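> What follows is upload_10.cif, made up of mmCIF, C-alpha atoms:
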data_run
#
loop_
_atom_site.label_atom_id
_atom_site.label_comp_id
_atom_site.auth_asym_id
_atom_site.auth_seq_id
_atom_site.Cartn_x
_atom_site.Cartn_y
_atom_site.Cartn_z
CA MET A 1 155.63 87.22 -112.98
CA TYR A 2 153.74 84.67 -110.91
CA ARG A 3 152.12 81.42 -111.89
CA ALA A 4 148.81 80.65 -110.17
CA LYS A 5 147.50 77.13 -109.77
CA ILE A 6 143.90 76.76 -108.69
CA PHE A 7 142.09 73.62 -107.66
CA VAL A 8 138.34 74.08 -107.76
CA LYS A 9 136.42 71.35 -105.96
CA ARG A 10 132.75 70.81 -105.48
CA ARG A 11 131.71 70.52 -101.87
CA LYS A 12 131.38 66.91 -100.70
CA SER A 13 127.62 67.26 -100.31
CA ILE A 14 127.12 68.34 -103.93
CA LEU A 15 126.56 65.59 -106.50
CA ASP A 16 129.17 65.21 -109.22
CA PRO A 17 127.37 63.75 -112.27
CA GLN A 18 130.52 63.67 -114.41
CA GLY A 19 132.33 61.65 -111.75
CA LYS A 20 129.32 59.36 -111.37
CA ALA A 21 129.33 58.68 -115.11
CA ALA A 22 133.05 57.86 -115.06
CA GLU A 23 132.43 55.52 -112.13
CA GLN A 24 129.75 53.65 -114.04
CA GLY A 25 132.11 53.51 -117.00
CA ALA A 26 134.73 51.93 -114.74
CA LYS A 27 132.23 49.25 -113.70
CA LEU A 28 131.31 48.54 -117.32
CA LEU A 29 134.98 48.19 -118.22
CA GLY A 30 135.40 45.67 -115.42
CA PHE A 31 137.33 47.83 -112.94
CA ASN A 32 135.47 46.63 -109.90
CA ASN A 33 137.84 48.09 -107.32
CA ILE A 34 137.31 51.70 -108.36
CA SER A 35 134.91 53.88 -106.38
CA LYS A 36 134.08 57.48 -105.43
CA VAL A 37 135.25 59.09 -108.64
CA ARG A 38 135.22 62.91 -108.47
CA ILE A 39 136.10 65.09 -111.42
CA ASP A 40 137.14 68.64 -110.61
CA LYS A 41 138.86 71.53 -112.31
CA SER A 42 142.48 72.53 -112.14
CA ILE A 43 143.32 75.94 -113.56
CA GLU A 44 146.63 77.57 -114.32
CA PHE A 45 147.45 81.12 -115.37
CA PHE A 46 150.15 83.76 -115.22
CA ILE A 47 150.00 87.12 -113.49
CA ASN A 48 152.28 89.73 -114.91
CA THR A 49 153.41 91.59 -111.79
CA GLU A 50 156.35 91.38 -109.38
CA ASP A 51 154.17 92.35 -106.42
CA TYR A 52 153.18 89.21 -104.50
CA ASN A 53 150.31 90.89 -102.67
CA LEU A 54 148.82 92.24 -105.88
CA ALA A 55 149.17 88.84 -107.56
CA GLN A 56 147.44 87.22 -104.59
CA LYS A 57 144.65 89.77 -104.56
CA GLU A 58 144.01 89.61 -108.29
CA SER A 59 143.99 85.81 -108.53
CA ASP A 60 141.73 85.56 -105.52
CA GLU A 61 139.22 87.99 -107.00
CA PHE A 62 139.42 86.23 -110.36
CA CYS A 63 138.54 82.94 -108.64
CA LYS A 64 135.67 84.46 -106.71
CA LYS A 65 134.20 86.33 -109.67
CA LEU A 66 134.68 83.88 -112.49
CA LEU A 67 136.41 80.57 -111.88
CA ALA A 68 134.65 79.11 -108.87
CA ASN A 69 131.00 79.08 -107.94
CA PRO A 70 131.04 80.10 -104.25
CA ILE A 71 127.74 78.35 -103.56
CA MET A 72 128.84 74.88 -104.67
CA GLU A 73 132.61 74.96 -104.85
CA ASP A 74 135.70 75.58 -102.77
CA TYR A 75 139.03 76.52 -104.22
CA GLU A 76 142.66 76.33 -103.27
CA LEU A 77 145.10 78.85 -104.68
CA VAL A 78 148.86 78.33 -104.96
CA LEU A 79 151.11 81.10 -106.27
CA GLU A 80 154.66 80.54 -107.35
CA LYS A 81 157.34 82.93 -108.59
CA PHE A 82 158.01 82.36 -112.28
CA ARG A 83 160.94 83.60 -114.35
CA MET B 1 142.89 51.00 -100.16
CA TYR B 2 144.65 53.57 -102.31
CA ARG B 3 143.61 57.04 -103.34
CA ALA B 4 144.47 58.02 -106.91
CA LYS B 5 144.88 61.62 -108.01
CA ILE B 6 145.02 62.26 -111.71
CA PHE B 7 145.85 65.49 -113.48
CA VAL B 8 144.72 65.44 -117.08
CA LYS B 9 146.23 68.22 -119.20
CA ARG B 10 145.78 69.08 -122.82
CA ARG B 11 149.01 69.21 -124.78
CA LYS B 12 150.42 72.74 -125.12
CA SER B 13 149.78 72.72 -128.86
CA ILE B 14 146.05 71.99 -128.44
CA LEU B 15 143.72 74.98 -128.08
CA ASP B 16 141.83 75.32 -124.80
CA PRO B 17 138.59 77.19 -125.57
CA GLN B 18 137.37 77.11 -121.97
CA GLY B 19 140.62 78.71 -120.80
CA LYS B 20 140.43 81.26 -123.61
CA ALA B 21 136.92 82.24 -122.52
CA ALA B 22 138.03 82.64 -118.90
CA GLU B 23 140.92 84.80 -120.11
CA GLN B 24 138.58 87.10 -122.03
CA GLY B 25 136.37 87.21 -118.95
CA ALA B 26 139.39 88.33 -116.92
CA LYS B 27 140.04 91.18 -119.38
CA LEU B 28 136.39 92.26 -119.23
CA LEU B 29 136.51 92.28 -115.43
CA GLY B 30 139.58 94.51 -115.59
CA PHE B 31 142.23 91.96 -114.57
CA ASN B 32 144.80 93.12 -117.09
CA ASN B 33 147.74 91.21 -115.63
CA ILE B 34 146.21 87.77 -116.14
CA SER B 35 147.25 85.70 -119.16
CA LYS B 36 147.57 82.16 -120.51
CA VAL B 37 144.63 80.68 -118.63
CA ARG B 38 144.41 76.89 -119.01
CA ILE B 39 141.55 74.88 -117.55
CA ASP B 40 142.25 71.19 -117.04
CA LYS B 41 140.75 68.26 -115.16
CA SER B 42 141.76 66.88 -111.82
CA ILE B 43 140.26 63.53 -110.90
CA GLU B 44 140.24 61.63 -107.65
CA PHE B 45 139.09 58.11 -106.85
CA PHE B 46 139.64 55.19 -104.53
CA ILE B 47 140.92 51.72 -105.40
CA ASN B 48 139.89 49.02 -103.05
CA THR B 49 142.98 46.82 -102.94
CA GLU B 50 146.07 46.52 -100.77
CA ASP B 51 148.26 45.55 -103.73
CA TYR B 52 150.16 48.61 -104.94
CA ASN B 53 150.98 47.11 -108.33
CA LEU B 54 147.38 46.17 -109.01
CA ALA B 55 146.21 49.65 -107.95
CA GLN B 56 148.78 51.20 -110.25
CA LYS B 57 147.82 48.97 -113.18
CA GLU B 58 144.08 49.49 -112.75
CA SER B 59 144.25 53.27 -112.41
CA ASP B 60 146.57 53.51 -115.36
CA GLU B 61 144.23 51.50 -117.57
CA PHE B 62 141.24 53.48 -116.32
CA CYS B 63 143.02 56.69 -117.37
CA LYS B 64 143.94 55.35 -120.77
CA LYS B 65 140.55 53.89 -121.54
CA LEU B 66 138.20 56.48 -120.12
CA LEU B 67 139.58 59.53 -118.35
CA ALA B 68 142.17 60.92 -120.74
CA ASN B 69 142.11 61.25 -124.50
CA PRO B 70 145.54 59.96 -125.52
CA ILE B 71 145.52 61.99 -128.72
CA MET B 72 145.11 65.41 -127.11
CA GLU B 73 145.91 64.95 -123.46
CA ASP B 74 148.66 63.84 -121.11
CA TYR B 75 148.05 62.68 -117.59
CA GLU B 76 149.93 62.42 -114.35
CA LEU B 77 148.94 59.76 -111.83
CA VAL B 78 149.71 59.89 -108.09
CA LEU B 79 148.76 57.01 -105.81
CA GLU B 80 148.72 57.28 -102.06
CA LYS B 81 147.99 54.74 -99.37
CA PHE B 82 144.70 55.53 -97.67
CA ARG B 83 143.36 54.13 -94.41
#
Could you render the structure from this file as structure tokens?

Amino acid sequence: MYRAKIFVKRRKSILDPQGKAAEQGAKLLGFNNISKVRIDKSIEFFINTEDYNLAQKESDEFCKKLLANPIMEDYELVLEKFR
Amino acid sequence: MYRAKIFVKRRKSILDPQGKAAEQGAKLLGFNNISKVRIDKSIEFFINTEDYNLAQKESDEFCKKLLANPIMEDYELVLEKFR
């Protein structure tokens, strides 16, 4: 069994409205030192196989097909053995 | 200047409908080994101060007041010096 951790991030050039809203919220709450808020996704799941290459291949395809939007987002995939 | 990285996670006992949907998507796409998908938030921002304690205090309050819902979510805060 492997555990996959994925960090999906919008490209720097793509606007992040959710982050922008949080930044304005920070200003309203009086946190004047806070800037450049970005809100991204972190995803975790398990892959029920002992074969590292298969786990890698499946999680990568899962990211490409469903979790990340390849036009706007980049992702980072970390696999760790889980028992 | 410090960079804050926050990982906001729902408590294990709280349902994660977005993760559930991604899990069903995985099944439909034929990824039968994938289970327990959780989708959480990862947040990044900058704090314009050289005082570590102030940076810590401000990011912590920002999390409590705006970024995380203390009833359903836990968060982890990592601060790193940025230049």
> Evaluating the PyMOL selection byres ((chain B) within 9 of (chain A)) on the displayed file yields which residues, as a ChimeraX atom specification?
/B:7-8,19,22-23,25-26,29,31-49,55,58-59,62,65-67
> Mind fitting chain B onto chain A over all Cα atoms in sequence order and sending the result as a PDB file with C-alpha atoms, in the coordinates of the input?

ATOM      1  CA  MET B   1     155.622  87.232-112.965  1.00  0.00           C
ATOM      2  CA  TYR B   2     153.752  84.672-110.898  1.00  0.00           C
ATOM      3  CA  ARG B   3     152.127  81.423-111.891  1.00  0.00           C
ATOM      4  CA  ALA B   4     148.826  80.646-110.177  1.00  0.00           C
ATOM      5  CA  LYS B   5     147.501  77.122-109.771  1.00  0.00           C
ATOM      6  CA  ILE B   6     143.921  76.768-108.685  1.00  0.00           C
ATOM      7  CA  PHE B   7     142.103  73.620-107.665  1.00  0.00           C
ATOM      8  CA  VAL B   8     138.358  74.075-107.769  1.00  0.00           C
ATOM      9  CA  LYS B   9     136.429  71.330-105.967  1.00  0.00           C
ATOM     10  CA  ARG B  10     132.748  70.813-105.486  1.00  0.00           C
ATOM     11  CA  ARG B  11     131.702  70.503-101.866  1.00  0.00           C
ATOM     12  CA  LYS B  12     131.376  66.883-100.702  1.00  0.00           C
ATOM     13  CA  SER B  13     127.622  67.268-100.300  1.00  0.00           C
ATOM     14  CA  ILE B  14     127.123  68.348-103.935  1.00  0.00           C
ATOM     15  CA  LEU B  15     126.544  65.599-106.505  1.00  0.00           C
ATOM     16  CA  ASP B  16     129.159  65.198-109.233  1.00  0.00           C
ATOM     17  CA  PRO B  17     127.375  63.744-112.281  1.00  0.00           C
ATOM     18  CA  GLN B  18     130.516  63.664-114.421  1.00  0.00           C
ATOM     19  CA  GLY B  19     132.324  61.645-111.747  1.00  0.00           C
ATOM     20  CA  LYS B  20     129.311  59.361-111.370  1.00  0.00           C
ATOM     21  CA  ALA B  21     129.333  58.669-115.110  1.00  0.00           C
ATOM     22  CA  ALA B  22     133.055  57.868-115.058  1.00  0.00           C
ATOM     23  CA  GLU B  23     132.426  55.521-112.129  1.00  0.00           C
ATOM     24  CA  GLN B  24     129.730  53.639-114.036  1.00  0.00           C
ATOM     25  CA  GLY B  25     132.093  53.515-117.000  1.00  0.00           C
ATOM     26  CA  ALA B  26     134.715  51.927-114.742  1.00  0.00           C
ATOM     27  CA  LYS B  27     132.227  49.230-113.677  1.00  0.00           C
ATOM     28  CA  LEU B  28     131.301  48.529-117.305  1.00  0.00           C
ATOM     29  CA  LEU B  29     134.975  48.194-118.221  1.00  0.00           C
ATOM     30  CA  GLY B  30     135.393  45.675-115.410  1.00  0.00           C
ATOM     31  CA  PHE B  31     137.334  47.845-112.942  1.00  0.00           C
ATOM     32  CA  ASN B  32     135.469  46.627-109.886  1.00  0.00           C
ATOM     33  CA  ASN B  33     137.841  48.097-107.309  1.00  0.00           C
ATOM     34  CA  ILE B  34     137.311  51.708-108.366  1.00  0.00           C
ATOM     35  CA  SER B  35     134.904  53.892-106.386  1.00  0.00           C
ATOM     36  CA  LYS B  36     134.064  57.475-105.432  1.00  0.00           C
ATOM     37  CA  VAL B  37     135.251  59.100-108.645  1.00  0.00           C
ATOM     38  CA  ARG B  38     135.226  62.910-108.452  1.00  0.00           C
ATOM     39  CA  ILE B  39     136.087  65.085-111.432  1.00  0.00           C
ATOM     40  CA  ASP B  40     137.146  68.629-110.606  1.00  0.00           C
ATOM     41  CA  LYS B  41     138.863  71.541-112.322  1.00  0.00           C
ATOM     42  CA  SER B  42     142.476  72.537-112.149  1.00  0.00           C
ATOM     43  CA  ILE B  43     143.316  75.942-113.571  1.00  0.00           C
ATOM     44  CA  GLU B  44     146.628  77.568-114.320  1.00  0.00           C
ATOM     45  CA  PHE B  45     147.462  81.114-115.361  1.00  0.00           C
ATOM     46  CA  PHE B  46     150.138  83.766-115.231  1.00  0.00           C
ATOM     47  CA  ILE B  47     150.003  87.142-113.492  1.00  0.00           C
ATOM     48  CA  ASN B  48     152.270  89.739-114.902  1.00  0.00           C
ATOM     49  CA  THR B  49     153.416  91.588-111.793  1.00  0.00           C
ATOM     50  CA  GLU B  50     156.340  91.390-109.393  1.00  0.00           C
ATOM     51  CA  ASP B  51     154.177  92.358-106.413  1.00  0.00           C
ATOM     52  CA  TYR B  52     153.194  89.223-104.506  1.00  0.00           C
ATOM     53  CA  ASN B  53     150.314  90.894-102.681  1.00  0.00           C
ATOM     54  CA  LEU B  54     148.816  92.257-105.876  1.00  0.00           C
ATOM     55  CA  ALA B  55     149.161  88.844-107.562  1.00  0.00           C
ATOM     56  CA  GLN B  56     147.467  87.223-104.596  1.00  0.00           C
ATOM     57  CA  LYS B  57     144.638  89.767-104.546  1.00  0.00           C
ATOM     58  CA  GLU B  58     144.015  89.608-108.292  1.00  0.00           C
ATOM     59  CA  SER B  59     143.990  85.816-108.520  1.00  0.00           C
ATOM     60  CA  ASP B  60     141.743  85.571-105.514  1.00  0.00           C
ATOM     61  CA  GLU B  61     139.220  87.984-107.001  1.00  0.00           C
ATOM     62  CA  PHE B  62     139.427  86.234-110.365  1.00  0.00           C
ATOM     63  CA  CYS B  63     138.551  82.950-108.628  1.00  0.00           C
ATOM     64  CA  LYS B  64     135.671  84.453-106.717  1.00  0.00           C
ATOM     65  CA  LYS B  65     134.196  86.316-109.645  1.00  0.00           C
ATOM     66  CA  LEU B  66     134.670  83.881-112.490  1.00  0.00           C
ATOM     67  CA  LEU B  67     136.411  80.572-111.887  1.00  0.00           C
ATOM     68  CA  ALA B  68     134.652  79.114-108.865  1.00  0.00           C
ATOM     69  CA  ASN B  69     130.994  79.092-107.930  1.00  0.00           C
ATOM     70  CA  PRO B  70     131.051  80.094-104.261  1.00  0.00           C
ATOM     71  CA  ILE B  71     127.763  78.339-103.574  1.00  0.00           C
ATOM     72  CA  MET B  72     128.842  74.863-104.675  1.00  0.00           C
ATOM     73  CA  GLU B  73     132.601  74.945-104.860  1.00  0.00           C
ATOM     74  CA  ASP B  74     135.693  75.570-102.771  1.00  0.00           C
ATOM     75  CA  TYR B  75     139.031  76.503-104.218  1.00  0.00           C
ATOM     76  CA  GLU B  76     142.660  76.307-103.272  1.00  0.00           C
ATOM     77  CA  LEU B  77     145.096  78.846-104.693  1.00  0.00           C
ATOM     78  CA  VAL B  78     148.872  78.339-104.978  1.00  0.00           C
ATOM     79  CA  LEU B  79     151.112  81.111-106.279  1.00  0.00           C
ATOM     80  CA  GLU B  80     154.670  80.549-107.355  1.00  0.00           C
ATOM     81  CA  LYS B  81     157.326  82.929-108.583  1.00  0.00           C
ATOM     82  CA  PHE B  82     158.011  82.354-112.262  1.00  0.00           C
ATOM     83  CA  ARG B  83     160.933  83.622-114.320  1.00  0.00           C
TER      84      ARG B  83
END
> Find the residues around Ile71 (chain B) up to 9 Å (only C-alpha atoms counted), leave out those fewer than 3 positions away in its own chain, and share them as a list in words.
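Non-adjacent residues within range: Arg11, Ala68 and Asp74 of chain B.
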> One decimal, Å: what's the distance from CA of Val78 (chain A) over to CA of Leu77 (chain B), could you say?
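Between these atoms lies a distance of 19.8 Å.
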> Find the distance between CA of Asp60 (chain B) and CA of Ile14 (chain A) and write it in Å to one decimal.
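Computed distance, CA of Asp60 (chain B) to CA of Ile14 (chain A), equals 27.0 Å.
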> For CA of Lys57 (chain B) and CA of Arg83 (chain B), determine how far apart the two atoms are, in Å to one decimal place.
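Here the two named atoms are 20.0 Å from each other.
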> Box along x, y and z, 4 Å on every side, all listed atoms of region 36-52 of chain A inside: centre and edge lengths in Å to one decimal, as JSON.

{"center_x": 145.2, "center_y": 74.9, "center_z": -109.9, "size_x": 30.3, "size_y": 42.9, "size_z": 18.9}
